[in-house]
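The file model_13.csv contains CSV, N, CA and C atoms:
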chain,number,residue,atom,x,y,z
C,1,MET,N,40.3,20.5,-65.2
C,1,MET,CA,41.3,20.1,-64.3
C,1,MET,C,42.6,19.7,-65.0
C,2,LYS,N,43.7,20.2,-64.6
C,2,LYS,CA,45.0,20.0,-65.2
C,2,LYS,C,46.0,19.5,-64.2
C,3,LYS,N,46.9,18.6,-64.6
C,3,LYS,CA,47.9,18.1,-63.7
C,3,LYS,C,49.3,18.6,-64.1
C,4,PHE,N,50.1,19.0,-63.1
C,4,PHE,CA,51.5,19.4,-63.4
C,4,PHE,C,52.4,18.6,-62.5
C,5,ASN,N,53.6,18.3,-63.0
C,5,ASN,CA,54.6,17.7,-62.2
C,5,ASN,C,55.8,18.6,-62.1
C,6,PHE,N,56.5,18.5,-61.0
C,6,PHE,CA,57.6,19.3,-60.7
C,6,PHE,C,58.7,18.5,-60.0
C,7,SER,N,60.0,18.7,-60.4
C,7,SER,CA,61.1,18.2,-59.6
C,7,SER,C,61.5,19.3,-58.6
C,8,VAL,N,61.6,18.9,-57.4
C,8,VAL,CA,61.9,19.9,-56.4
C,8,VAL,C,63.2,19.5,-55.6
C,9,PRO,N,64.1,20.4,-55.4
C,9,PRO,CA,65.3,20.1,-54.7
C,9,PRO,C,65.1,19.7,-53.2
C,10,ILE,N,65.9,18.8,-52.8
C,10,ILE,CA,66.0,18.4,-51.4
C,10,ILE,C,66.9,19.4,-50.7
C,11,THR,N,66.5,20.1,-49.7
C,11,THR,CA,67.4,21.1,-49.1
C,11,THR,C,68.1,20.6,-47.9
C,12,GLN,N,67.5,19.5,-47.3
C,12,GLN,CA,68.2,18.9,-46.1
C,12,GLN,C,67.7,17.4,-46.0
C,13,SER,N,68.7,16.6,-45.6
C,13,SER,CA,68.3,15.2,-45.2
C,13,SER,C,69.0,14.8,-43.9
C,14,ILE,N,68.2,14.2,-43.0
C,14,ILE,CA,68.7,13.9,-41.7
C,14,ILE,C,68.0,12.6,-41.2
C,15,LYS,N,68.6,12.0,-40.2
C,15,LYS,CA,67.9,10.9,-39.5
C,15,LYS,C,67.4,11.5,-38.2
C,16,ASP,N,66.1,11.4,-37.9
C,16,ASP,CA,65.6,12.0,-36.7
C,16,ASP,C,65.9,11.2,-35.5
C,17,GLU,N,65.3,11.6,-34.4
C,17,GLU,CA,65.6,10.9,-33.1
C,17,GLU,C,65.0,9.4,-33.1
C,18,TYR,N,64.2,9.1,-34.0
C,18,TYR,CA,63.6,7.7,-34.1
C,18,TYR,C,64.3,6.9,-35.2
C,19,GLU,N,65.4,7.5,-35.8
C,19,GLU,CA,66.2,6.9,-36.9
C,19,GLU,C,65.4,6.8,-38.2
C,20,LYS,N,64.4,7.7,-38.3
C,20,LYS,CA,63.7,7.8,-39.6
C,20,LYS,C,64.5,8.8,-40.5
C,21,PHE,N,64.6,8.4,-41.8
C,21,PHE,CA,65.3,9.2,-42.7
C,21,PHE,C,64.3,10.3,-43.3
C,22,MET,N,64.6,11.5,-43.0
C,22,MET,CA,63.7,12.7,-43.3
C,22,MET,C,64.4,13.6,-44.3
C,23,ILE,N,63.6,14.2,-45.1
C,23,ILE,CA,64.1,15.2,-46.1
C,23,ILE,C,63.2,16.4,-45.9
C,24,ARG,N,63.8,17.6,-46.3
C,24,ARG,CA,63.1,18.8,-46.3
C,24,ARG,C,63.3,19.5,-47.6
C,25,GLY,N,62.3,20.3,-48.0
C,25,GLY,CA,62.5,21.1,-49.3
C,25,GLY,C,61.3,22.0,-49.5
C,26,VAL,N,61.4,22.7,-50.6
C,26,VAL,CA,60.3,23.7,-51.0
C,26,VAL,C,59.6,23.0,-52.1
C,27,ALA,N,58.3,22.8,-51.9
C,27,ALA,CA,57.5,22.1,-52.9
C,27,ALA,C,57.1,23.0,-54.1
C,28,ILE,N,56.8,24.3,-53.7
C,28,ILE,CA,56.4,25.2,-54.8
C,28,ILE,C,56.5,26.6,-54.3
C,29,ASN,N,56.8,27.6,-55.1
C,29,ASN,CA,56.9,29.0,-54.8
C,29,ASN,C,55.7,29.7,-55.5
C,30,ALA,N,55.3,30.8,-54.9
C,30,ALA,CA,54.3,31.7,-55.5
C,30,ALA,C,55.0,32.4,-56.6
C,31,ARG,N,54.8,32.0,-57.9
C,31,ARG,CA,55.4,32.6,-59.0
C,31,ARG,C,54.8,32.0,-60.3
C,32,VAL,N,55.4,32.4,-61.4
C,32,VAL,CA,55.0,31.8,-62.7
C,32,VAL,C,56.0,30.7,-63.0
C,33,THR,N,55.5,29.5,-63.2
C,33,THR,CA,56.3,28.3,-63.5
C,33,THR,C,56.7,28.2,-64.9
C,34,ARG,N,57.6,27.2,-65.2
C,34,ARG,CA,58.0,27.0,-66.6
C,34,ARG,C,56.8,26.6,-67.4
C,35,ASN,N,55.7,26.1,-66.8
C,35,ASN,CA,54.5,25.7,-67.5
C,35,ASN,C,53.6,26.9,-67.8
C,36,SER,N,54.0,28.1,-67.5
C,36,SER,CA,53.3,29.3,-67.7
C,36,SER,C,52.0,29.3,-66.8
C,37,VAL,N,52.1,28.8,-65.6
C,37,VAL,CA,51.1,28.9,-64.7
C,37,VAL,C,51.5,29.7,-63.5
C,38,ARG,N,50.7,30.7,-63.1
C,38,ARG,CA,51.0,31.5,-61.9
C,38,ARG,C,50.4,30.9,-60.7
C,39,PHE,N,51.2,30.5,-59.7
C,39,PHE,CA,50.7,30.1,-58.4
C,39,PHE,C,50.6,31.2,-57.5
C,40,LEU,N,49.4,31.5,-57.0
C,40,LEU,CA,49.2,32.7,-56.1
C,40,LEU,C,49.5,32.3,-54.6
C,41,ALA,N,50.1,33.2,-53.9
C,41,ALA,CA,50.4,33.0,-52.5
C,41,ALA,C,49.1,32.5,-51.7
C,42,GLU,N,48.0,33.2,-52.0
C,42,GLU,CA,46.8,32.8,-51.2
C,42,GLU,C,46.4,31.4,-51.5
C,43,GLU,N,46.5,30.9,-52.7
C,43,GLU,CA,46.2,29.5,-53.1
C,43,GLU,C,47.1,28.5,-52.4
C,44,LEU,N,48.4,28.9,-52.4
C,44,LEU,CA,49.4,28.0,-51.7
C,44,LEU,C,49.1,27.9,-50.2
C,45,MET,N,48.7,29.0,-49.6
C,45,MET,CA,48.4,29.0,-48.2
C,45,MET,C,47.2,28.1,-47.9
C,46,MET,N,46.2,28.1,-48.8
C,46,MET,CA,45.1,27.2,-48.6
C,46,MET,C,45.4,25.7,-48.9
C,47,ALA,N,46.4,25.5,-49.7
C,47,ALA,CA,46.7,24.1,-50.2
C,47,ALA,C,47.7,23.4,-49.2
C,48,LYS,N,48.2,24.1,-48.2
C,48,LYS,CA,49.3,23.5,-47.4
C,48,LYS,C,49.0,22.2,-46.8
C,49,ASP,N,47.8,22.0,-46.4
C,49,ASP,CA,47.4,20.7,-45.7
C,49,ASP,C,47.2,19.6,-46.7
C,50,SER,N,47.1,19.9,-48.0
C,50,SER,CA,46.8,18.9,-49.0
C,50,SER,C,48.1,18.1,-49.3
C,51,LEU,N,49.2,18.5,-48.9
C,51,LEU,CA,50.5,17.8,-49.2
C,51,LEU,C,50.7,16.6,-48.2
C,52,LYS,N,50.2,16.8,-47.0
C,52,LYS,CA,50.4,15.8,-45.9
C,52,LYS,C,49.9,14.5,-46.3
C,53,GLY,N,50.7,13.5,-46.2
C,53,GLY,CA,50.4,12.1,-46.5
C,53,GLY,C,50.5,11.7,-47.9
C,54,ARG,N,50.9,12.7,-48.8
C,54,ARG,CA,51.0,12.4,-50.2
C,54,ARG,C,52.4,11.6,-50.4
C,55,PRO,N,52.4,10.8,-51.4
C,55,PRO,CA,53.6,10.0,-51.7
C,55,PRO,C,54.7,11.0,-52.3
C,56,ILE,N,55.9,10.6,-51.9
C,56,ILE,CA,57.1,11.3,-52.5
C,56,ILE,C,57.6,10.3,-53.6
C,57,LEU,N,57.7,10.8,-54.8
C,57,LEU,CA,58.1,10.0,-55.9
C,57,LEU,C,59.5,10.2,-56.4
C,58,ILE,N,60.1,9.2,-57.0
C,58,ILE,CA,61.5,9.4,-57.5
C,58,ILE,C,61.5,10.0,-58.9
C,59,ASP,N,60.3,9.9,-59.5
C,59,ASP,CA,60.1,10.4,-60.9
C,59,ASP,C,58.7,10.8,-61.1
C,60,HIS,N,58.3,11.1,-62.3
C,60,HIS,CA,56.9,11.5,-62.6
C,60,HIS,C,56.0,10.4,-63.0
C,61,LYS,N,56.4,9.2,-62.8
C,61,LYS,CA,55.7,8.0,-63.4
C,61,LYS,C,54.4,7.7,-62.6
C,62,ASN,N,54.3,8.1,-61.4
C,62,ASN,CA,53.2,7.8,-60.5
C,62,ASN,C,52.9,6.3,-60.4
C,63,SER,N,53.9,5.5,-60.4
C,63,SER,CA,53.7,4.1,-60.2
C,63,SER,C,54.1,3.7,-58.8
C,64,VAL,N,53.6,2.6,-58.4
C,64,VAL,CA,54.0,2.1,-57.0
C,64,VAL,C,55.5,2.0,-56.8
C,65,GLU,N,56.2,1.6,-57.9
C,65,GLU,CA,57.6,1.4,-57.8
C,65,GLU,C,58.3,2.7,-57.6
C,66,ALA,N,57.7,3.8,-58.0
C,66,ALA,CA,58.3,5.2,-57.9
C,66,ALA,C,58.2,5.8,-56.6
C,67,ILE,N,57.4,5.2,-55.7
C,67,ILE,CA,57.2,5.8,-54.3
C,67,ILE,C,58.4,5.5,-53.5
C,68,ALA,N,59.0,6.6,-53.0
C,68,ALA,CA,60.2,6.5,-52.1
C,68,ALA,C,59.8,6.8,-50.6
C,69,GLY,N,58.7,7.5,-50.4
C,69,GLY,CA,58.3,7.8,-49.1
C,69,GLY,C,57.0,8.6,-49.1
C,70,LYS,N,56.8,9.4,-48.0
C,70,LYS,CA,55.6,10.2,-48.0
C,70,LYS,C,55.9,11.6,-47.3
C,71,VAL,N,55.1,12.5,-47.6
C,71,VAL,CA,55.1,13.9,-47.0
C,71,VAL,C,54.5,13.7,-45.6
C,72,THR,N,55.3,14.1,-44.6
C,72,THR,CA,54.8,14.1,-43.2
C,72,THR,C,54.3,15.4,-42.6
C,73,ASP,N,54.8,16.5,-43.2
C,73,ASP,CA,54.4,17.8,-42.8
C,73,ASP,C,54.6,18.8,-43.9
C,74,SER,N,53.8,19.8,-43.9
C,74,SER,CA,54.0,20.9,-44.9
C,74,SER,C,53.5,22.2,-44.2
C,75,ASN,N,54.1,23.3,-44.6
C,75,ASN,CA,53.6,24.6,-44.1
C,75,ASN,C,53.8,25.7,-45.2
C,76,TYR,N,53.1,26.7,-45.0
C,76,TYR,CA,53.2,27.9,-45.9
C,76,TYR,C,54.1,28.9,-45.2
C,77,ASN,N,55.2,29.3,-45.9
C,77,ASN,CA,56.1,30.3,-45.4
C,77,ASN,C,55.7,31.6,-46.0
C,78,PRO,N,55.2,32.5,-45.2
C,78,PRO,CA,54.7,33.8,-45.7
C,78,PRO,C,55.8,34.8,-46.1
C,79,VAL,N,57.0,34.6,-45.5
C,79,VAL,CA,58.1,35.5,-45.9
C,79,VAL,C,58.6,35.1,-47.3
C,80,ASN,N,58.8,33.8,-47.6
C,80,ASN,CA,59.3,33.4,-48.9
C,80,ASN,C,58.1,33.1,-49.9
C,81,GLN,N,56.9,33.1,-49.4
C,81,GLN,CA,55.7,32.8,-50.2
C,81,GLN,C,55.9,31.5,-50.9
C,82,ASN,N,56.1,30.4,-50.1
C,82,ASN,CA,56.2,29.1,-50.7
C,82,ASN,C,55.7,28.0,-49.8
C,83,LEU,N,55.5,26.8,-50.3
C,83,LEU,CA,55.1,25.7,-49.5
C,83,LEU,C,56.3,24.9,-49.2
C,84,GLU,N,56.6,24.7,-47.9
C,84,GLU,CA,57.8,23.9,-47.5
C,84,GLU,C,57.2,22.5,-47.1
C,85,PHE,N,58.0,21.5,-47.2
C,85,PHE,CA,57.6,20.2,-46.8
C,85,PHE,C,58.7,19.4,-46.1
C,86,THR,N,58.2,18.5,-45.3
C,86,THR,CA,59.1,17.5,-44.6
C,86,THR,C,58.5,16.1,-45.0
C,87,GLY,N,59.4,15.2,-45.3
C,87,GLY,CA,59.0,13.9,-45.7
C,87,GLY,C,59.9,12.8,-45.2
C,88,GLN,N,59.3,11.6,-45.1
C,88,GLN,CA,60.1,10.5,-44.7
C,88,GLN,C,60.4,9.6,-45.9
C,89,ILE,N,61.6,9.2,-46.1
C,89,ILE,CA,62.0,8.3,-47.1
C,89,ILE,C,62.2,7.0,-46.5
C,90,MET,N,61.4,6.0,-46.9
C,90,MET,CA,61.4,4.7,-46.4
C,90,MET,C,62.3,3.7,-47.2
C,91,ASP,N,62.4,4.0,-48.5
C,91,ASP,CA,63.2,3.2,-49.4
C,91,ASP,C,64.7,3.3,-49.1
C,92,LYS,N,65.3,2.2,-48.6
C,92,LYS,CA,66.8,2.2,-48.2
C,92,LYS,C,67.7,2.6,-49.4
C,93,ASP,N,67.4,2.1,-50.6
C,93,ASP,CA,68.2,2.4,-51.7
C,93,ASP,C,68.2,3.9,-52.0
C,94,MET,N,67.0,4.5,-51.9
C,94,MET,CA,66.8,6.0,-52.1
C,94,MET,C,67.5,6.8,-51.0
C,95,GLN,N,67.5,6.3,-49.8
C,95,GLN,CA,68.2,7.0,-48.7
C,95,GLN,C,69.7,7.1,-49.0
C,96,GLU,N,70.3,5.9,-49.5
C,96,GLU,CA,71.7,5.9,-49.8
C,96,GLU,C,72.0,6.9,-51.0
C,97,LYS,N,71.1,6.9,-52.0
C,97,LYS,CA,71.4,7.8,-53.1
C,97,LYS,C,71.2,9.3,-52.8
C,98,ILE,N,70.3,9.6,-51.9
C,98,ILE,CA,70.2,10.9,-51.4
C,98,ILE,C,71.4,11.3,-50.6
C,99,ASN,N,71.9,10.4,-49.7
C,99,ASN,CA,73.0,10.7,-48.8
C,99,ASN,C,74.3,10.9,-49.6
C,100,ASP,N,74.5,10.1,-50.7
C,100,ASP,CA,75.8,10.3,-51.5
C,100,ASP,C,75.6,11.3,-52.6
C,101,GLY,N,74.5,11.9,-52.8
C,101,GLY,CA,74.3,13.0,-53.7
C,101,GLY,C,73.9,12.5,-55.1
C,102,ARG,N,73.7,11.2,-55.3
C,102,ARG,CA,73.2,10.8,-56.7
C,102,ARG,C,71.8,11.3,-56.9
C,103,ILE,N,71.0,11.5,-55.9
C,103,ILE,CA,69.6,12.1,-56.0
C,103,ILE,C,69.6,13.3,-55.2
C,104,SER,N,69.2,14.4,-55.8
C,104,SER,CA,69.2,15.7,-55.1
C,104,SER,C,67.8,16.4,-55.2
C,105,SER,N,66.8,15.7,-55.8
C,105,SER,CA,65.5,16.2,-55.9
C,105,SER,C,64.5,15.1,-56.0
C,106,VAL,N,63.2,15.4,-55.7
C,106,VAL,CA,62.1,14.5,-55.7
C,106,VAL,C,61.0,15.1,-56.5
C,107,SER,N,60.0,14.3,-56.8
C,107,SER,CA,58.9,14.7,-57.7
C,107,SER,C,57.7,15.0,-56.9
C,108,ILE,N,57.0,16.1,-57.3
C,108,ILE,CA,55.7,16.3,-56.7
C,108,ILE,C,54.7,16.7,-57.9
C,109,GLY,N,53.5,16.5,-57.6
C,109,GLY,CA,52.5,16.8,-58.6
C,109,GLY,C,51.5,17.8,-58.1
C,110,ALA,N,50.8,18.5,-58.9
C,110,ALA,CA,49.8,19.5,-58.5
C,110,ALA,C,48.6,19.3,-59.5
C,111,ILE,N,47.4,19.3,-58.9
C,111,ILE,CA,46.2,19.2,-59.7
C,111,ILE,C,45.5,20.5,-59.5
C,112,ILE,N,45.3,21.2,-60.7
C,112,ILE,CA,44.6,22.5,-60.7
C,112,ILE,C,43.2,22.3,-61.1
C,113,GLN,N,42.3,22.9,-60.4
C,113,GLN,CA,40.9,22.8,-60.7
C,113,GLN,C,40.5,23.8,-61.9
C,114,ASP,N,40.7,25.0,-61.7
C,114,ASP,CA,40.4,26.1,-62.7
C,114,ASP,C,41.6,26.9,-63.0
C,115,LEU,N,41.9,27.0,-64.3
C,115,LEU,CA,42.9,27.9,-64.7
C,115,LEU,C,42.3,29.1,-65.5
C,116,VAL,N,42.7,30.3,-65.1
C,116,VAL,CA,42.1,31.5,-65.8
C,116,VAL,C,43.2,32.5,-66.1
C,117,TYR,N,42.9,33.4,-67.0
C,117,TYR,CA,43.8,34.5,-67.2
C,117,TYR,C,43.4,35.6,-66.2
C,118,SER,N,44.4,36.1,-65.4
C,118,SER,CA,44.0,37.1,-64.4
C,118,SER,C,44.0,38.5,-64.9
C,119,SER,N,44.6,38.7,-66.1
C,119,SER,CA,44.6,40.0,-66.7
C,119,SER,C,44.8,39.9,-68.2
C,120,PRO,N,44.5,41.0,-69.0
C,120,PRO,CA,44.7,40.9,-70.4
C,120,PRO,C,46.2,40.7,-70.8
C,121,GLU,N,47.1,41.3,-69.9
C,121,GLU,CA,48.5,41.1,-70.1
C,121,GLU,C,48.9,39.6,-70.0
C,122,ASP,N,48.3,39.0,-69.0
C,122,ASP,CA,48.6,37.6,-68.8
C,122,ASP,C,48.1,36.7,-69.9
C,123,GLU,N,46.9,37.1,-70.4
C,123,GLU,CA,46.4,36.4,-71.6
C,123,GLU,C,47.3,36.5,-72.8
C,124,GLN,N,47.8,37.7,-73.0
C,124,GLN,CA,48.7,37.9,-74.2
C,124,GLN,C,50.0,37.1,-74.0
C,125,ALA,N,50.5,37.0,-72.7
C,125,ALA,CA,51.7,36.3,-72.5
C,125,ALA,C,51.4,34.8,-72.3
C,126,GLY,N,50.2,34.4,-72.3
C,126,GLY,CA,49.8,32.9,-72.1
C,126,GLY,C,50.0,32.4,-70.7
C,127,ILE,N,49.9,33.3,-69.7
C,127,ILE,CA,50.1,33.0,-68.3
C,127,ILE,C,48.8,32.7,-67.7
C,128,LEU,N,48.5,31.5,-67.2
C,128,LEU,CA,47.3,31.2,-66.5
C,128,LEU,C,47.5,31.3,-65.0
C,129,THR,N,46.4,31.6,-64.3
C,129,THR,CA,46.5,31.6,-62.8
C,129,THR,C,45.5,30.6,-62.3

The structure in this file should be written as structure tokens.
Amino acid sequence: MKKFNFSVPITQSIKDEYEKFMIRGVAINARVTRNSVRFLAEELMMAKDSLKGRPILIDHKNSVEAIAGKVTDSNYNPVNQNLEFTGQIMDKDMQEKINDGRISSVSIGAIIQDLVYSSPEDEQAGILT
């Protein structure tokens, strides 16, 4: 099992009809990451529900102080082959920093069960799937 952390851009921030501060973004795309790991579209499709309820962090520290909110919804976009998310930011200071542009991304993590080379070419390139 291996853990990866990603900073993902916030694509939209709004207050909803209940005055909750909500953000939207793309958690991960089906592609080879900077960590040389290939995320397959089929795996992302199966993982979409695993994001719901997860904390949204301001950094990769995974501490209680780093929690700014939580993911409220996620879905797989088959056209773009990615996982999109919606989350609520409860921390007022973070809301202000997102609104004024000081913060434009949030942190997500992924835990991978099994990493394998999917082809001899990937093994030569050091790309795990």

Give me the residues near segment 72-80 of chain C as a compact mmCIF listing (two decimals) with N, CA and C atoms, in the coordinates of the input, where near means some atom within 6 Å (using all atoms listed in the file) and where sequence neighbours in that chain fewer than 6 positions away do not count.
# COMPACT_ATOMS: atom_id res chain seq x y z
N LEU C 44 48.40 28.90 -52.40
CA LEU C 44 49.40 28.00 -51.70
C LEU C 44 49.10 27.90 -50.20
N MET C 45 48.70 29.00 -49.60
CA MET C 45 48.40 29.00 -48.20
C MET C 45 47.20 28.10 -47.90
N LYS C 48 48.20 24.10 -48.20
CA LYS C 48 49.30 23.50 -47.40
C LYS C 48 49.00 22.20 -46.80
N LYS C 52 50.20 16.80 -47.00
CA LYS C 52 50.40 15.80 -45.90
C LYS C 52 49.90 14.50 -46.30
N GLY C 53 50.70 13.50 -46.20
CA GLY C 53 50.40 12.10 -46.50
C GLY C 53 50.50 11.70 -47.90
N THR C 86 58.20 18.50 -45.30
CA THR C 86 59.10 17.50 -44.60
C THR C 86 58.50 16.10 -45.00
N GLY C 87 59.40 15.20 -45.30
CA GLY C 87 59.00 13.90 -45.70
C GLY C 87 59.90 12.80 -45.20
N GLN C 88 59.30 11.60 -45.10
CA GLN C 88 60.10 10.50 -44.70
C GLN C 88 60.40 9.60 -45.90

One decimal place gives the atom CA of Asn82 of chain C-atom CA of Asn29 of chain C separation as 4.2 Å

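When all atoms listed in the file are used to measure the gap to Arg54 of chain C, the shortest distance among C:Val71, C:Arg24, C:Ala41, C:Ala66 belongs to C:Val71.
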
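The spacing separating atom CA of Thr33 of chain C from atom CA of Val8 of chain C amounts to 12.3 Å.
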
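Here the DSSP assignment of strand (DSSP E), based on backbone atoms, applies within segment 5-43 of chain C to Asn5, Phe6, Ser7, Val8, Pro9, Ile10, Thr11, Gln12, Ser13, Ile14, Lys15, Phe21, Met22, Ile23, Arg24, Gly25, Val26, Ala27, Ile28 and Asn29 of chain C.
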